[in-house]
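Structure record follows, encoded as structure tokens.
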Amino acid sequence: MIGATSGALNVSITGLGVHVPERVVTNDELSQHVDTSDEWILERTGIRERHMASKDEALSDVALPAAHAALQQAGVEGKDIDLLLVATVTPDMMFPSTAAILADRLGSSQAAAYDLLAGCTGFVYALAQAYGMVVAGLSKRTLVVGGDLLSRILDWEDRSTLVLFGDGAGAVVVEPTPEKGFLGFELGADGGGGEHLWLPGSGSRLFDDPDRYVKMNGREVFKFATRVLVQSAEDVLGQSGVAKEDVDVYVPHQANVRIIDHATKKLGFPSEKVVVNVQRYGNTSSGSIPLALADAVADGRLQAGSTVLMTAMGAGLTWGSALMRWTI
């Protein structure tokens, strides 16, 4: 699924907020649980530390401060939101949805609210859906939340997954704007590759004695990621008529520094245009891109008028890109 945005209505992000749990877990701490070291993790992933939620924190607790910050920057209140989307693979529970829980806590009493499941690509999928809802006139103002508490589904005896993931969330307000924001989207999925990154026993499919921990074929996921991050980015740029040279900020999903470096080299982006914060957060799944956007704003790289390209891939297997001009 690919397309440039229509000229019928300008839609953009008007508010951004992020939040991570207070607890910081270092590589040295993980080495107490599995056979690893700070040097081993850093060399292979680029990750130094990650944030992990406490036992009494759920996704809605971590997402709520991010949502408040996004609403505040947009100059609106919860009651002004008529659609709330939460992209996650670790909701508070299967139902009620985390989106419904957040809508209640934010005072969005008239909002439609539901969760969206697309793995680490969830935030990009939700952005595209929010754009479509606003352009269609079904929503006047949408709040998109991307976040996960992946620490809840990690096997603390599996080095291949334990060292990669962290917890965090981000939120954006999407609504009509005077200037054109979103320029194009590209989304896709390959269910045939789903077995390479999955959570057996988490749904209606029967498994014998499932442990309900993340399972990942790292080699196959790496091959998939390095291919689709590049292809998706090139496709959305081509469809939108934007040259690579005109991209000011590139925000890839923060899965692994080796994957990011490969995509950056293939796309030809200089390092100063690429946002990398995986060393501080690890892979936060749907929280990855909004956390990176916030860092780009904080360091001055992302400003009003900047052309920003976001690209992600994740469980499903899914992938997706969003291209926009920053209007905040």
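Residues are referred to by chain and number: the chain letter is A, B, ... according to the order shown in the structure tokens, the number counts from 1 in that chain, and ligands are numbered separately from 1 in the order shown.
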>> With only C-alpha atoms as the counted atoms, please give the residues lying no more than 9 Å from A:Ala312, apart from itself and same-chain residues fewer than 6 positions off, as a ChimeraX atom specification.
In response: /A:120-124,225,228-229,232,251-255,288-289,318-321
> Could you name the residues that touch A:Leu116 at 10 Å or less, counting only C-alpha atoms, but leaving out those on the same chain fewer than 6 positions away, as a count of residues only?
Replying inline: 16
Given only C-alpha atoms, how would the per-residue table for stretch 228-315 of chain A near stretch 165-168 of chain A read, listing every residue at most 6 Å away with its closest atom pair and distance in Å to one decimal, sorted by chain and number, as CSV?
```
residue,atom,partner,partner_atom,distance
A:Tyr281,CA,A:Gly166,CA,6.0
A:Gly282,CA,A:Phe165,CA,5.1
A:Asn283,CA,A:Phe165,CA,4.5
A:Thr284,CA,A:Gly166,CA,5.0
A:Gly287,CA,A:Gly168,CA,5.5
```
Now that the selection is made, can you save its residues with C-alpha atoms as an mmCIF file, in the first residue's frame?
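Full text of again.cif as output:
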```cif
data_model
loop_
_atom_site.group_PDB
_atom_site.id
_atom_site.type_symbol
_atom_site.label_atom_id
_atom_site.label_comp_id
_atom_site.auth_asym_id
_atom_site.auth_seq_id
_atom_site.Cartn_x
_atom_site.Cartn_y
_atom_site.Cartn_z
ATOM 1 C CA TYR A 281 16.512 3.100 24.943
ATOM 2 C CA GLY A 282 17.065 -0.176 23.103
ATOM 3 C CA ASN A 283 14.243 -1.301 20.828
ATOM 4 C CA THR A 284 11.007 0.117 22.273
ATOM 5 C CA GLY A 287 7.594 3.767 20.969
#
```
>> I want to know what sits within 7 Å of A:Val274, based on only C-alpha atoms, with residues of the same chain fewer than 3 positions away left out; could you give that as number ranges by chain?
In response: A: 249-251, 271
>> DSSP on the backbone: which residues in stretch 163-291 of chain A end up as helix (DSSP H, G or I)? Give the answer as number ranges by chain.
In response: A: 191-196, 218-240, 244-246, 257-267, 271-273, 278-281, 285-291
>> Quick check for you: according to DSSP on this backbone, which residues of stretch 105-191 of chain A are classed as strand (DSSP E or B)? Reply as a PyMOL selection string.
In response: chain A and resi 112-116+142-149+165+167-176+182-189
Next, write the just-selected residues to a file, as a compact mmCIF listing (two decimals), in the first residue's frame, keeping C-alpha atoms as the atom set.
```txt
# COMPACT_ATOMS: atom_id res chain seq x y z
CA ALA A 112 -13.64 6.31 19.30
CA ALA A 113 -10.74 4.32 20.73
CA TYR A 114 -8.99 1.13 19.72
CA ASP A 115 -5.60 -0.59 19.70
CA LEU A 116 -3.65 -1.35 16.54
CA THR A 142 -6.79 12.20 16.45
CA LEU A 143 -4.38 11.24 19.20
CA VAL A 144 -1.90 8.57 18.12
CA VAL A 145 0.04 6.69 20.79
CA GLY A 146 2.87 4.29 20.07
CA GLY A 147 4.35 2.35 22.94
CA ASP A 148 5.29 -0.97 24.42
CA LEU A 149 6.44 -2.62 27.63
CA PHE A 165 14.39 -4.44 24.03
CA ASP A 167 10.03 0.10 27.41
CA GLY A 168 8.71 3.50 26.35
CA ALA A 169 5.91 5.42 24.66
CA GLY A 170 5.25 8.46 22.52
CA ALA A 171 2.14 10.32 21.40
CA VAL A 172 1.23 12.80 18.67
CA VAL A 173 -1.84 14.88 17.86
CA VAL A 174 -2.87 14.67 14.19
CA GLU A 175 -5.24 17.27 12.75
CA PRO A 176 -5.80 19.69 9.82
CA PHE A 182 2.11 14.49 5.60
CA LEU A 183 3.39 13.89 2.07
CA GLY A 184 3.11 10.13 1.63
CA PHE A 185 2.95 6.67 3.19
CA GLU A 186 4.11 3.18 2.25
CA LEU A 187 2.94 0.15 4.24
CA GLY A 188 3.29 -3.58 3.79
CA ALA A 189 3.23 -7.00 5.44
```
>> Ranking A:Ile260, A:Val135, A:Met94, A:Leu106 by minimum distance to A:Gly7 and counting only C-alpha atoms, which one comes first?
In response: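 For A:Gly7, the nearest of the candidates is A:Val135.
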>> From the options A:Glu29, A:Asp82, A:Asp104, A:Asp235, which residue's atoms come nearest to A:Ala322, counting only C-alpha atoms?
In response: A:Asp235
>> Show me, as a list of chain:residue names, the residues that have an atom within 7 Å of A:Ala111 when counting only C-alpha atoms, minus same-chain residues fewer than 3 positions from it.
In response: A:Ile81, A:Asp82, A:Leu83, A:Leu84, A:Ala103, A:Ser108
Output the selection as a CSV table (one decimal), in the first residue's frame - all heavy atoms for each residue.
```csv
chain,number,residue,atom,x,y,z
A,81,ILE,N,-10.4,15.4,21.6
A,81,ILE,CA,-10.0,14.3,20.8
A,81,ILE,C,-11.2,13.5,20.5
A,81,ILE,O,-12.0,13.1,21.3
A,81,ILE,CB,-8.9,13.4,21.5
A,81,ILE,CG1,-7.6,14.2,21.8
A,81,ILE,CG2,-8.6,12.2,20.8
A,81,ILE,CD1,-6.9,14.7,20.6
A,82,ASP,N,-11.4,13.1,19.2
A,82,ASP,CA,-12.5,12.3,18.8
A,82,ASP,C,-12.1,10.9,18.3
A,82,ASP,O,-12.9,10.1,17.9
A,82,ASP,CB,-13.4,13.0,17.8
A,82,ASP,CG,-12.7,13.4,16.5
A,82,ASP,OD1,-11.6,12.9,16.2
A,82,ASP,OD2,-13.2,14.3,15.8
A,83,LEU,N,-10.8,10.7,18.2
A,83,LEU,CA,-10.3,9.3,17.8
A,83,LEU,C,-9.0,9.1,18.6
A,83,LEU,O,-8.1,10.0,18.5
A,83,LEU,CB,-10.1,9.2,16.3
A,83,LEU,CG,-9.5,7.9,15.8
A,83,LEU,CD1,-10.3,6.7,16.2
A,83,LEU,CD2,-9.2,8.0,14.3
A,84,LEU,N,-8.8,8.0,19.2
A,84,LEU,CA,-7.6,7.7,19.9
A,84,LEU,C,-7.1,6.3,19.5
A,84,LEU,O,-7.8,5.3,19.6
A,84,LEU,CB,-7.8,7.7,21.4
A,84,LEU,CG,-6.6,7.9,22.3
A,84,LEU,CD1,-7.1,8.4,23.7
A,84,LEU,CD2,-5.7,6.7,22.4
A,103,ALA,N,-8.4,6.9,26.8
A,103,ALA,CA,-9.5,7.9,26.5
A,103,ALA,C,-10.2,8.3,27.8
A,103,ALA,O,-10.5,9.5,28.0
A,103,ALA,CB,-10.5,7.3,25.5
A,108,SER,N,-11.4,12.0,27.2
A,108,SER,CA,-11.9,11.9,25.8
A,108,SER,C,-13.2,11.1,25.7
A,108,SER,O,-13.2,10.0,25.1
A,108,SER,CB,-10.8,11.4,24.9
A,108,SER,OG,-9.6,12.1,25.1
```
>> Neighbouring residues of stretch 33-40 of chain A were defined as those with any atom within 6 Å, considering only C-alpha atoms; residues of the same chain fewer than 5 positions away were excluded. Please report them as a PyMOL selection string.
In response: chain A and resi 27-28+157+159
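When only C-alpha atoms are used to measure the gap to A:Ser12, the shortest distance among A:Met93, A:Ala130, A:Ala63, A:Ala292 belongs to A:Ala130.
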>> Give me the residues near A:Leu237 as a ChimeraX atom specification, where near means some atom within 9 Å (using only C-alpha atoms) and where sequence neighbours in that chain fewer than 4 positions away do not count.
In response: /A:184,232-233,241-244,309,323
File dump, residues just selected, all heavy atoms, as an mmCIF file, in the first residue's frame:
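Result written to out04.cif:
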```cif
data_model
loop_
_atom_site.group_PDB
_atom_site.id
_atom_site.type_symbol
_atom_site.label_atom_id
_atom_site.label_comp_id
_atom_site.auth_asym_id
_atom_site.auth_seq_id
_atom_site.Cartn_x
_atom_site.Cartn_y
_atom_site.Cartn_z
ATOM 1 N N GLY A 184 3.340 11.450 2.199
ATOM 2 C CA GLY A 184 3.115 10.127 1.632
ATOM 3 C C GLY A 184 3.356 9.023 2.646
ATOM 4 O O GLY A 184 4.018 9.226 3.670
ATOM 5 N N SER A 232 11.320 0.438 1.363
ATOM 6 C CA SER A 232 10.164 1.232 1.748
ATOM 7 C C SER A 232 10.472 2.721 1.678
ATOM 8 O O SER A 232 9.655 3.520 1.189
ATOM 9 C CB SER A 232 9.721 0.856 3.170
ATOM 10 O OG SER A 232 8.583 1.583 3.564
ATOM 11 N N ALA A 233 11.651 3.109 2.158
ATOM 12 C CA ALA A 233 12.042 4.517 2.109
ATOM 13 C C ALA A 233 12.128 5.014 0.669
ATOM 14 O O ALA A 233 11.618 6.094 0.333
ATOM 15 C CB ALA A 233 13.384 4.706 2.815
ATOM 16 N N GLY A 241 7.536 12.142 -4.897
ATOM 17 C CA GLY A 241 8.296 13.093 -5.699
ATOM 18 C C GLY A 241 9.312 13.889 -4.909
ATOM 19 O O GLY A 241 9.594 15.054 -5.214
ATOM 20 N N VAL A 242 9.886 13.251 -3.873
ATOM 21 C CA VAL A 242 10.887 13.913 -3.033
ATOM 22 C C VAL A 242 12.220 13.202 -3.209
ATOM 23 O O VAL A 242 12.302 11.983 -3.081
ATOM 24 C CB VAL A 242 10.473 13.899 -1.544
ATOM 25 C CG1 VAL A 242 11.573 14.487 -0.673
ATOM 26 C CG2 VAL A 242 9.170 14.666 -1.353
ATOM 27 N N ALA A 243 13.272 13.960 -3.510
ATOM 28 C CA ALA A 243 14.598 13.387 -3.684
ATOM 29 C C ALA A 243 15.238 13.097 -2.329
ATOM 30 O O ALA A 243 14.940 13.769 -1.330
ATOM 31 C CB ALA A 243 15.487 14.355 -4.467
ATOM 32 N N LYS A 244 16.119 12.107 -2.303
ATOM 33 C CA LYS A 244 16.812 11.782 -1.055
ATOM 34 C C LYS A 244 17.546 12.994 -0.504
ATOM 35 O O LYS A 244 17.619 13.198 0.713
ATOM 36 C CB LYS A 244 17.807 10.641 -1.285
ATOM 37 C CG LYS A 244 17.179 9.307 -1.602
ATOM 38 C CD LYS A 244 18.257 8.252 -1.822
ATOM 39 C CE LYS A 244 17.662 6.924 -2.250
ATOM 40 N NZ LYS A 244 18.699 5.890 -2.497
ATOM 41 N N LEU A 309 11.726 11.750 7.183
ATOM 42 C CA LEU A 309 11.365 10.424 6.696
ATOM 43 C C LEU A 309 11.448 9.445 7.851
ATOM 44 O O LEU A 309 12.490 9.330 8.509
ATOM 45 C CB LEU A 309 12.318 9.993 5.578
ATOM 46 C CG LEU A 309 12.217 8.546 5.100
ATOM 47 C CD1 LEU A 309 10.857 8.263 4.469
ATOM 48 C CD2 LEU A 309 13.348 8.227 4.114
ATOM 49 N N LEU A 323 6.366 10.010 5.252
ATOM 50 C CA LEU A 323 7.158 11.167 4.830
ATOM 51 C C LEU A 323 6.341 12.419 5.109
ATOM 52 O O LEU A 323 5.153 12.482 4.766
ATOM 53 C CB LEU A 323 7.475 11.068 3.334
ATOM 54 C CG LEU A 323 8.305 12.186 2.726
ATOM 55 C CD1 LEU A 323 9.739 12.160 3.270
ATOM 56 C CD2 LEU A 323 8.325 12.066 1.198
#
```
> Restricting the calculation to only C-alpha atoms, which member of A:Gly107, A:Gly132, A:Thr26, A:Asp92 is positioned closest to A:Leu42?
Replying inline: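 The shortest atom-to-atom distance to A:Leu42 comes from A:Thr26.
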>> Applying 10 Å and only C-alpha atoms, which residues near A:Ser54 remain after dropping the ones on its own chain fewer than 2 positions away? List them as a PyMOL selection string.
In response: chain A and resi 21-23+51-52+56-58+149+151-152
May I have the residues from that selection written out with N, CA and C atoms, as a PDB file, in the first residue's frame?
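Result file again.pdb:
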```pdb
ATOM      1  N   PRO A  21       9.813   4.738  31.436  1.00  0.00           N
ATOM      2  CA  PRO A  21       9.835   4.425  32.869  1.00  0.00           C
ATOM      3  C   PRO A  21      11.124   4.925  33.518  1.00  0.00           C
ATOM      4  N   GLU A  22      11.069   5.112  34.824  1.00  0.00           N
ATOM      5  CA  GLU A  22      12.212   5.669  35.553  1.00  0.00           C
ATOM      6  C   GLU A  22      13.386   4.699  35.623  1.00  0.00           C
ATOM      7  N   ARG A  23      13.111   3.427  35.752  1.00  0.00           N
ATOM      8  CA  ARG A  23      14.186   2.443  35.957  1.00  0.00           C
ATOM      9  C   ARG A  23      15.052   2.280  34.710  1.00  0.00           C
ATOM     10  N   HIS A  51      15.230   1.434  29.375  1.00  0.00           N
ATOM     11  CA  HIS A  51      14.324   1.677  30.495  1.00  0.00           C
ATOM     12  C   HIS A  51      13.341   0.519  30.584  1.00  0.00           C
ATOM     13  N   MET A  52      13.012   0.131  31.831  1.00  0.00           N
ATOM     14  CA  MET A  52      12.056  -0.950  32.030  1.00  0.00           C
ATOM     15  C   MET A  52      11.055  -0.568  33.103  1.00  0.00           C
ATOM     16  N   ASP A  56       4.282  -2.533  38.899  1.00  0.00           N
ATOM     17  CA  ASP A  56       2.937  -1.975  39.005  1.00  0.00           C
ATOM     18  C   ASP A  56       2.610  -0.995  37.883  1.00  0.00           C
ATOM     19  N   GLU A  57       3.469  -0.892  36.867  1.00  0.00           N
ATOM     20  CA  GLU A  57       3.202  -0.024  35.730  1.00  0.00           C
ATOM     21  C   GLU A  57       2.675  -0.837  34.555  1.00  0.00           C
ATOM     22  N   ALA A  58       1.613  -0.340  33.936  1.00  0.00           N
ATOM     23  CA  ALA A  58       1.096  -0.908  32.700  1.00  0.00           C
ATOM     24  C   ALA A  58       1.368   0.073  31.566  1.00  0.00           C
ATOM     25  N   LEU A 149       5.674  -2.149  26.488  1.00  0.00           N
ATOM     26  CA  LEU A 149       6.442  -2.621  27.634  1.00  0.00           C
ATOM     27  C   LEU A 149       6.925  -4.023  27.282  1.00  0.00           C
ATOM     28  N   SER A 151       9.467  -5.528  28.128  1.00  0.00           N
ATOM     29  CA  SER A 151      10.062  -6.273  29.243  1.00  0.00           C
ATOM     30  C   SER A 151       9.084  -7.298  29.801  1.00  0.00           C
ATOM     31  N   ARG A 152       7.791  -7.099  29.566  1.00  0.00           N
ATOM     32  CA  ARG A 152       6.770  -8.024  30.077  1.00  0.00           C
ATOM     33  C   ARG A 152       6.768  -9.370  29.342  1.00  0.00           C
TER      34      ARG A 152
END
```
> Pick from A:Gly203, A:Gly78, A:Gly194, A:Leu9: nearest to A:Met133, with only C-alpha atoms counted?
Replying inline: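 Of the candidates, the smallest distance to A:Met133 is held by A:Leu9.
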